[in-house]
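Asker: One structure, as structure tokens, below. Some questions next.
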Amino acid sequence: MSSSLLLKASVFLASDVPDPGREAPEELTEKVNTVLGIAAWAGTAAGVAGVLVTGAMMAISVKRGESSEHMSRLGMVLGGCVLVATAGPLISFVFN
């Protein structure tokens, strides 16, 4: 007897639940796209700067006759560049 009362109560309570849909408001979408575009540009600029700085450090070290592990730094910078470049397509692939 109490289970049928719970069933009726749950049907009554869940009947007017609004469904807002999956689309975000246009104003919010534009602002988010602007912020993500700026972040992508900054990530690309940081990657280019990282490659330039690493190359300069390698050139200076060779001129001085010092050996250091610049290739690992270059690998890290290039790995970051790959992450920045593939972030958008990866997220689009996962969520679409």
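Ligands are numbered from 1 in the order shown, residues from 1 within each chain, and chains are lettered A, B, ... in the order they appear in the structure tokens.
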Show me, as a PyMOL selection string, the residues that have an atom within 8 Å of Val77 (chain A) when counting only C-alpha atoms, minus same-chain residues fewer than 3 positions from it.
Answerer: chain A and resi 47+50-51+73-74+80-81
Asker: Choose the residue, out of A:Ala49, A:Met57, A:Ala39, A:Leu90, that has the smallest atom-to-atom separation from Glu69 (chain A); count only C-alpha atoms.
Answerer: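 Closest to Glu69 (chain A) of all the choices is A:Met57.
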